[in-house]
Structures are given as C-alpha cells and as structure tokens.
file start-v4.txt (compact mmCIF, C-alpha atoms)
# COMPACT_ATOMS: atom_id res chain seq x y z
CA MET A 1 76.14 15.87 -36.23
CA ASP A 2 75.50 13.15 -38.79
CA ASN A 3 72.07 11.65 -39.36
CA LYS A 4 72.69 8.66 -37.08
CA ALA A 5 73.77 10.92 -34.23
CA LEU A 6 70.73 13.14 -34.77
CA GLN A 7 68.43 10.12 -34.70
CA THR A 8 70.01 8.93 -31.45
CA ARG A 9 69.58 12.41 -29.98
CA LEU A 10 65.94 12.47 -31.09
CA VAL A 11 65.05 9.02 -29.74
CA GLU A 12 66.90 9.51 -26.43
CA GLY A 13 65.46 12.98 -25.99
CA ALA A 14 61.96 11.69 -26.58
CA ALA A 15 62.52 8.93 -24.02
CA ALA A 16 63.63 11.54 -21.49
CA LEU A 17 60.28 13.25 -22.05
CA GLY A 18 58.39 9.98 -21.56
CA VAL A 19 57.70 9.48 -25.26
CA THR A 20 58.51 6.22 -27.04
CA LEU A 21 59.52 7.10 -30.59
CA PRO A 22 59.43 4.22 -33.12
CA GLU A 23 62.29 4.04 -35.61
CA ARG A 24 60.08 4.90 -38.59
CA ALA A 25 58.68 7.95 -36.83
CA ALA A 26 62.17 9.13 -35.92
CA SER A 27 63.27 8.73 -39.53
CA LEU A 28 60.28 10.71 -40.80
CA LEU A 29 60.88 13.49 -38.29
CA LEU A 30 64.50 13.84 -39.39
CA ARG A 31 63.33 14.04 -43.02
CA TYR A 32 60.95 16.79 -41.96
CA SER A 33 63.79 18.58 -40.18
CA ALA A 34 65.96 18.36 -43.31
CA GLU A 35 63.12 19.76 -45.45
CA LEU A 36 62.63 22.59 -42.95
CA LEU A 37 66.27 23.61 -43.12
CA ARG A 38 66.40 23.22 -46.90
CA TRP A 39 63.38 25.50 -47.37
CA ASN A 40 64.65 27.86 -44.70
CA ALA A 41 67.65 28.71 -46.86
CA LYS A 42 65.23 30.48 -49.23
CA VAL A 43 62.08 31.08 -47.17
CA ASN A 44 62.26 32.38 -43.59
CA LEU A 45 60.62 29.63 -41.53
CA THR A 46 62.75 29.43 -38.39
CA ALA A 47 65.57 31.29 -36.69
CA ILE A 48 67.02 27.95 -35.56
CA THR A 49 69.38 26.56 -38.18
CA ASP A 50 71.54 24.09 -36.24
CA PRO A 51 70.17 20.57 -36.85
CA ALA A 52 70.76 19.48 -33.25
CA GLU A 53 68.83 22.53 -32.00
CA VAL A 54 66.01 21.83 -34.44
CA VAL A 55 65.75 18.34 -32.94
CA GLU A 56 65.41 19.69 -29.42
CA LYS A 57 63.64 23.03 -29.76
CA HIS A 58 61.23 22.08 -32.54
CA LEU A 59 60.81 18.29 -32.71
CA LEU A 60 61.18 17.30 -29.06
CA ASP A 61 59.29 20.34 -27.81
CA SER A 62 56.39 19.30 -30.05
CA LEU A 63 56.50 15.65 -29.00
CA ALA A 64 56.56 16.65 -25.31
CA VAL A 65 52.81 17.34 -25.36
CA ALA A 66 51.83 13.98 -26.90
CA ALA A 67 50.00 12.97 -23.71
CA GLU A 68 47.88 16.11 -23.80
CA VAL A 69 46.51 15.36 -27.29
CA ALA A 70 46.36 11.56 -27.01
CA GLY A 71 42.92 10.18 -27.86
CA ALA A 72 41.63 13.45 -29.30
CA GLY A 73 41.09 11.95 -32.75
CA THR A 74 41.32 15.33 -34.45
CA LEU A 75 43.72 18.21 -33.88
CA LEU A 76 43.61 21.83 -35.01
CA ASP A 77 46.99 23.58 -34.84
CA MET A 78 46.40 27.34 -34.68
CA GLY A 79 49.21 29.50 -36.00
CA CYS A 80 51.23 26.44 -36.93
CA GLY A 81 54.14 28.28 -38.53
CA ALA A 82 56.32 25.63 -40.14
CA GLY A 83 53.98 22.88 -38.89
CA LEU A 84 54.78 22.82 -35.19
CA PRO A 85 53.62 21.07 -33.11
CA GLY A 86 50.96 19.51 -35.36
CA LEU A 87 53.16 17.78 -37.89
CA PRO A 88 55.48 16.01 -35.40
CA LEU A 89 52.42 14.95 -33.38
CA LYS A 90 50.89 13.50 -36.55
CA VAL A 91 54.05 11.51 -37.22
CA LEU A 92 54.00 10.15 -33.66
CA GLN A 93 50.24 9.44 -33.70
CA PRO A 94 49.41 8.43 -37.31
CA GLU A 95 45.72 7.93 -36.50
CA LEU A 96 45.37 11.61 -35.55
CA ARG A 97 43.69 13.77 -38.21
CA VAL A 98 45.40 17.14 -38.20
CA THR A 99 44.47 20.54 -39.61
CA LEU A 100 47.28 23.09 -39.57
CA VAL A 101 46.37 26.76 -40.01
CA ASP A 102 48.56 29.79 -40.51
CA SER A 103 48.04 33.29 -41.88
CA VAL A 104 51.38 33.27 -43.75
CA ALA A 105 51.05 31.64 -47.17
CA LYS A 106 54.71 30.63 -47.54
CA LYS A 107 54.57 28.71 -44.26
CA VAL A 108 51.42 26.87 -45.34
CA GLY A 109 53.14 26.09 -48.63
CA PHE A 110 56.02 24.52 -46.76
CA VAL A 111 53.71 22.46 -44.54
CA LYS A 112 51.90 21.08 -47.59
CA ALA A 113 55.19 20.20 -49.28
CA ALA A 114 56.60 18.59 -46.13
CA ALA A 115 53.47 16.50 -45.55
CA ALA A 116 53.62 15.29 -49.17
CA ALA A 117 57.35 14.51 -48.93
CA LEU A 118 56.71 12.42 -45.81
CA GLY A 119 53.72 10.66 -47.37
CA LEU A 120 51.40 11.66 -44.55
CA GLN A 121 47.66 11.04 -44.89
CA GLY A 122 44.92 12.74 -42.89
CA ILE A 123 46.73 16.06 -42.67
CA THR A 124 45.52 19.38 -44.11
CA ALA A 125 47.24 22.76 -44.23
CA VAL A 126 45.11 25.88 -44.58
CA HIS A 127 46.05 29.48 -45.31
CA GLN A 128 43.67 31.43 -43.07
CA ARG A 129 43.67 34.23 -40.53
CA LEU A 130 41.69 32.79 -37.65
CA ALA A 131 38.87 34.91 -36.26
CA GLY A 132 36.88 32.40 -34.21
CA HIS A 133 34.33 31.55 -36.93
CA PRO A 134 35.09 27.98 -38.06
CA ASP A 135 32.02 27.57 -40.26
CA ALA A 136 32.63 30.80 -42.17
CA GLU A 137 36.32 29.94 -42.45
CA GLY A 138 35.62 26.42 -43.70
CA LEU A 139 37.51 24.87 -40.82
CA PRO A 140 36.54 21.72 -38.91
CA ARG A 141 35.92 21.63 -35.20
CA ALA A 142 38.45 19.41 -33.46
CA GLY A 143 38.81 17.21 -30.42
CA ALA A 144 41.90 19.18 -29.47
CA VAL A 145 42.93 22.71 -30.40
CA ILE A 146 46.60 23.50 -29.84
CA SER A 147 48.99 26.41 -30.17
CA ARG A 148 52.67 26.84 -29.53
CA ALA A 149 53.23 30.35 -28.13
CA PHE A 150 50.49 31.75 -30.39
CA THR A 151 49.53 34.61 -28.06
CA GLU A 152 48.65 35.33 -24.43
CA LEU A 153 46.10 32.99 -22.80
CA THR A 154 43.62 35.83 -22.34
CA GLU A 155 43.57 36.26 -26.12
CA PHE A 156 44.17 32.66 -27.18
CA LEU A 157 41.46 30.88 -25.19
CA PRO A 158 38.46 32.92 -26.45
CA LEU A 159 39.76 32.53 -30.00
CA ALA A 160 40.37 28.78 -29.66
CA ALA A 161 37.13 27.81 -27.90
CA PRO A 162 34.81 28.07 -30.97
CA TYR A 163 36.91 25.45 -32.79
CA LEU A 164 36.29 22.76 -30.16
CA ALA A 165 34.19 19.75 -30.99
CA GLU A 166 31.65 18.79 -28.38
CA PRO A 167 31.64 17.07 -25.97
CA GLY A 168 34.96 16.89 -24.21
CA GLY A 169 37.03 19.01 -26.55
CA ARG A 170 40.22 20.37 -25.09
CA VAL A 171 42.40 23.40 -25.69
CA VAL A 172 46.13 22.78 -25.26
CA ALA A 173 48.36 25.81 -24.77
CA MET A 174 52.12 25.36 -25.08
CA LEU A 175 53.90 28.02 -23.06
CA GLY A 176 57.37 29.03 -21.95
CA LYS A 177 56.81 30.48 -18.52
CA ALA A 178 54.14 29.28 -16.11
CA PRO A 179 50.82 30.98 -16.93
CA GLN A 180 49.51 33.65 -14.59
CA ASP A 181 46.04 32.82 -13.21
CA PRO A 182 45.07 30.41 -16.00
CA ALA A 183 41.80 29.49 -14.23
CA SER A 184 40.51 33.06 -14.55
CA ALA A 185 41.55 33.24 -18.21
CA ALA A 186 39.71 29.98 -18.79
CA ALA A 187 36.54 31.15 -17.05
CA ARG A 188 36.38 34.27 -19.21
CA ALA A 189 36.46 32.04 -22.29
CA GLY A 190 33.78 29.66 -21.00
CA LEU A 191 36.37 26.96 -20.27
CA GLN A 192 37.74 25.18 -17.22
CA LEU A 193 41.39 24.67 -16.38
CA GLN A 194 42.17 20.94 -16.29
CA ALA A 195 45.91 20.86 -15.70
CA VAL A 196 49.20 22.73 -15.99
CA ARG A 197 52.35 20.66 -16.44
CA ARG A 198 55.93 21.85 -16.32
CA TYR A 199 58.62 20.10 -18.30
CA ALA A 200 62.19 20.79 -19.38
CA LEU A 201 63.79 20.17 -22.75
CA PRO A 202 66.18 17.26 -22.30
CA PHE A 203 69.48 18.76 -23.47
CA SER A 204 69.32 22.51 -22.80
CA GLY A 205 67.09 22.20 -19.74
CA ALA A 206 64.92 25.04 -21.09
CA GLU A 207 61.72 25.35 -19.06
CA ARG A 208 58.36 24.82 -20.73
CA HIS A 209 54.72 24.52 -19.59
CA VAL A 210 51.61 23.05 -21.14
CA ALA A 211 48.11 23.96 -19.96
CA VAL A 212 44.94 22.05 -20.81
CA PHE A 213 41.43 23.51 -20.76
CA GLN A 214 37.97 22.01 -21.38
CA ARG A 215 34.39 23.21 -21.61

call {"tool": "encode", "arguments": {"input": "start-v4.txt", "output": "structure tokens"}}
result
Amino acid sequence: MDNKALQTRLVEGAAALGVTLPERAASLLLRYSAELLRWNAKVNLTAITDPAEVVEKHLLDSLAVAAEVAGAGTLLDMGCGAGLPGLPLKVLQPELRVTLVDSVAKKVGFVKAAAAALGLQGITAVHQRLAGHPDAEGLPRAGAVISRAFTELTEFLPLAAPYLAEPGGRVVAMLGKAPQDPASAAARAGLQLQAVRRYALPFSGAERHVAVFQR
C-alpha cells in the first residue's frame, strides 16, 4: 500500500473506533510507523512488518483507548516497547504529557529517536525496570497509568498502583481476552474496577478489551 492508501486506512479505521484523527496527526503517525519499520530492520522492535498491519495492530489498537485516557493530563506507559500505546496517544492528544518506560535499552532508544523525529514535546522515554517505587526510580506519578499486554492483571495492578497521582488517578489495562474477575484483582491492589469495554480492530475484527481501575 502506498502512503495515501495507508493514511486512508488509518483515518477510516480510527473513525470506525469512534476516534476523529486530524490530518496532521495521521501524517505524524505514518511517519512514526515508517521509523518503526526502518529501525526494525536492524533492531528487533516488532514482529509485525507489513505496513497495513502496523496501522491496524499497533496504531489503531493504541488509538482505540483514547477515551480511557482523555482528560488525564499525564500518562505513564509501563513496558512501552516501541512506544505503544503512549506515543500514538500523545500524537492524538498533544496536550497529554507522556512518560514511556521500558527495561530494554534499544527500545527506549528508538522511542527517543521517534519522538525527536516527530518533533513531539512533553514526552519522555526512560530506561528502567519498574518495581513499584516511583520516587526511588525518579519517575513521576501520573493521572493515568497504562499498559498494553504488560502482564496478568493480578501482577500488573499492584505494580501500577504506586505510580498513580491522587486524587482520581486511573489504571488502564489493554487486554486481548476479557479479564477474569477483574474486580477481585482490583480489590487486592487497593483499586476499584470502573469499567471493562470490548472492542474489535476495524479490519481484522480481532477482539480486544480495555479495563479501567481507580483508587
């Protein structure tokens, strides 16, 4: 697919997910996608190498949870990998201040380079193995803490909770299958389940879920 066809796929796919994607944001996201695939030729960042699949399974999947982070002000992306979902969400919501954290240095290096190439402000990439101690790790607390298939809820929620800003901070968990007993997992982490939403990727129909938790 050429760049125009990819942009059409991106904008139409976003619309199918209820997300209005401005032309500039779509252009920036395709530049990010191109950088991802260029780096991926030398550094293993993603198993997905078809540009059309990158649009759906990386970009659109990230944008699908825009409603869950809207209004948070600050976002901490735990285990961000190549910058997903934090970087696409930053492009969509420029006012959002985003910290992306990963334990793999080469992935953090890519995120820094991609953010610079896109001219993004208010975005920080940190090489860190998260242990639930934001002050000792030099990490900010955030209005929303998010992860895309980072680990099981029973492990993720207790780890994510210390990074929440008070009051009203939310943990957003992006999942494939519907979570099993998310309310109990939340209670064990001192959180409350707010919502679970199912959605499907617009072209493949692949099932996804997003769960939101608060103190």

call {"tool": "closest_residue", "arguments": {"input": "start-v4.txt", "among": "A:Thr154, A:Gln93, A:Gln214, A:Asn3", "to": "A:Val65", "atoms": "all atoms listed in the file"}}
result
A:Gln93

call {"tool": "closest_residue", "arguments": {"input": "start-v4.txt", "among": "A:Ala183, A:Leu191, A:Leu84, A:Ala105", "to": "A:Ala64", "atoms": "all atoms listed in the file"}}
result
A:Leu84

call {"tool": "closest_atom_pairs", "arguments": {"input": "start-v4.txt", "of": "stretch 9-110 of chain A", "to": "stretch 156-170 of chain A", "cutoff": "8 Å", "atoms": "only C-alpha atoms", "output": "tab-separated table"}}
result
residue	atom	partner	partner_atom	distance
A:Ala72	CA	A:Gly169	CA	7.7
A:Leu76	CA	A:Tyr163	CA	7.9
A:Met78	CA	A:Ala160	CA	8.0

call {"tool": "closest_residue", "arguments": {"input": "start-v4.txt", "among": "A:Ala125, A:Ala41, A:Ala34, A:Val11", "to": "A:Asp102", "atoms": "all atoms listed in the file"}}
result
A:Ala125

call {"tool": "closest_atom_pairs", "arguments": {"input": "start-v4.txt", "of": "stretch 35-138 of chain A", "to": "stretch 143-149 of chain A", "cutoff": "10 Å", "atoms": "all atoms listed in the file", "output": "CSV"}}
result
residue,atom,partner,partner_atom,distance
A:Asp61,CA,A:Arg148,CA,9.4
A:Ser62,CA,A:Arg148,CA,8.4
A:Val65,CA,A:Ile146,CA,9.8
A:Glu68,CA,A:Ala144,CA,8.8
A:Val69,CA,A:Ala144,CA,6.4
A:Ala70,CA,A:Ala144,CA,9.2
A:Gly71,CA,A:Gly143,CA,8.5
A:Ala72,CA,A:Gly143,CA,4.8
A:Gly73,CA,A:Gly143,CA,6.2
A:Thr74,CA,A:Gly143,CA,5.1
A:Leu75,CA,A:Ala144,CA,4.9
A:Leu76,CA,A:Val145,CA,4.7
A:Asp77,CA,A:Ile146,CA,5.0
A:Met78,CA,A:Ser147,CA,5.3
A:Gly79,CA,A:Ser147,CA,6.6
A:Cys80,CA,A:Ser147,CA,7.1
A:Gly81,CA,A:Arg148,CA,9.2
A:Leu84,CA,A:Arg148,CA,7.3
A:Pro85,CA,A:Arg148,CA,6.9
A:Gly86,CA,A:Ile146,CA,8.1
A:Arg97,CA,A:Gly143,CA,9.8
A:Val98,CA,A:Ala144,CA,9.6
A:Thr99,CA,A:Val145,CA,9.6
A:Leu100,CA,A:Ile146,CA,9.8

call {"tool": "residues_around", "arguments": {"input": "start-v4.txt", "residues": "A:Ala26", "least_positions_apart": "6", "cutoff": "10 Å", "atoms": "all atoms listed in the file", "output": "list in words"}}
result
Leu6, Gln7, Thr8, Leu10, Val11, Ala14, Tyr32, Leu59, Pro88, Val91 and Leu92 of chain A

call {"tool": "residues_around", "arguments": {"input": "start-v4.txt", "residues": "A:His209", "least_positions_apart": "4", "cutoff": "10 Å", "atoms": "only C-alpha atoms", "output": "JSON list (two decimals) with C-alpha atoms, in the coordinates of the input"}}
result
[["chain", "number", "residue", "atom", "x", "y", "z"],
["A", 64, "ALA", "CA", 56.56, 16.65, -25.31],
["A", 65, "VAL", "CA", 52.81, 17.34, -25.36],
["A", 173, "ALA", "CA", 48.36, 25.81, -24.77],
["A", 174, "MET", "CA", 52.12, 25.36, -25.08],
["A", 175, "LEU", "CA", 53.90, 28.02, -23.06],
["A", 176, "GLY", "CA", 57.37, 29.03, -21.95],
["A", 177, "LYS", "CA", 56.81, 30.48, -18.52],
["A", 178, "ALA", "CA", 54.14, 29.28, -16.11],
["A", 179, "PRO", "CA", 50.82, 30.98, -16.93],
["A", 196, "VAL", "CA", 49.20, 22.73, -15.99],
["A", 197, "ARG", "CA", 52.35, 20.66, -16.44],
["A", 198, "ARG", "CA", 55.93, 21.85, -16.32],
["A", 199, "TYR", "CA", 58.62, 20.10, -18.30],
["A", 200, "ALA", "CA", 62.19, 20.79, -19.38]]

call {"tool": "closest_atom_pairs", "arguments": {"input": "start-v4.txt", "of": "stretch 101-169 of chain A", "to": "stretch 36-39 of chain A", "cutoff": "10 Å", "atoms": "all atoms listed in the file", "output": "tab-separated table"}}
result
residue	atom	partner	partner_atom	distance
A:Lys107	CA	A:Trp39	CA	9.9
A:Phe110	CA	A:Trp39	CA	7.4
A:Val111	CA	A:Leu36	CA	9.1
A:Ala113	CA	A:Trp39	CA	9.9
A:Ala114	CA	A:Leu36	CA	7.9

call {"tool": "axis_aligned_box", "arguments": {"input": "start-v4.txt", "around": "stretch 200-210 of chain A", "padding_each_side": "5 Å", "output": "JSON"}}
result
{"center_x": 60.5, "center_y": 21.3, "center_z": -21.3, "size_x": 27.9, "size_y": 18.1, "size_z": 14.4}

call {"tool": "atom_distance", "arguments": {"input": "start-v4.txt", "atom1": "atom CA of A:Gln128", "atom2": "atom CA of A:Leu29"}}
result
25.3 Å

call {"tool": "atom_distance", "arguments": {"input": "start-v4.txt", "atom1": "atom CA of A:Val210", "atom2": "atom CA of A:Gln180"}}
result
12.6 Å

call {"tool": "closest_residue", "arguments": {"input": "start-v4.txt", "among": "A:Lys42, A:Lys4, A:Arg129, A:Lys57", "to": "A:Glu207", "atoms": "only C-alpha atoms"}}
result
A:Lys57

call {"tool": "atom_distance", "arguments": {"input": "start-v4.txt", "atom1": "atom CA of A:Ala142", "atom2": "atom CA of A:Ala82"}}
result
20.1 Å

call {"tool": "closest_residue", "arguments": {"input": "start-v4.txt", "among": "A:Leu87, A:Val108, A:Leu201, A:Leu153", "to": "A:Ser184", "atoms": "all atoms listed in the file"}}
result
A:Leu153

call {"tool": "closest_residue", "arguments": {"input": "start-v4.txt", "among": "A:Leu96, A:Leu28, A:Ile48, A:Leu139", "to": "A:Gly122", "atoms": "all atoms listed in the file"}}
result
A:Leu96

call {"tool": "residues_around", "arguments": {"input": "start-v4.txt", "residues": "A:Val55", "least_positions_apart": "3", "cutoff": "8 Å", "atoms": "all atoms listed in the file", "output": "list in words"}}
result
Leu6, Arg9, Leu10, Leu30, Ser33, Pro51, Ala52, His58, Leu59 and Leu60 of chain A
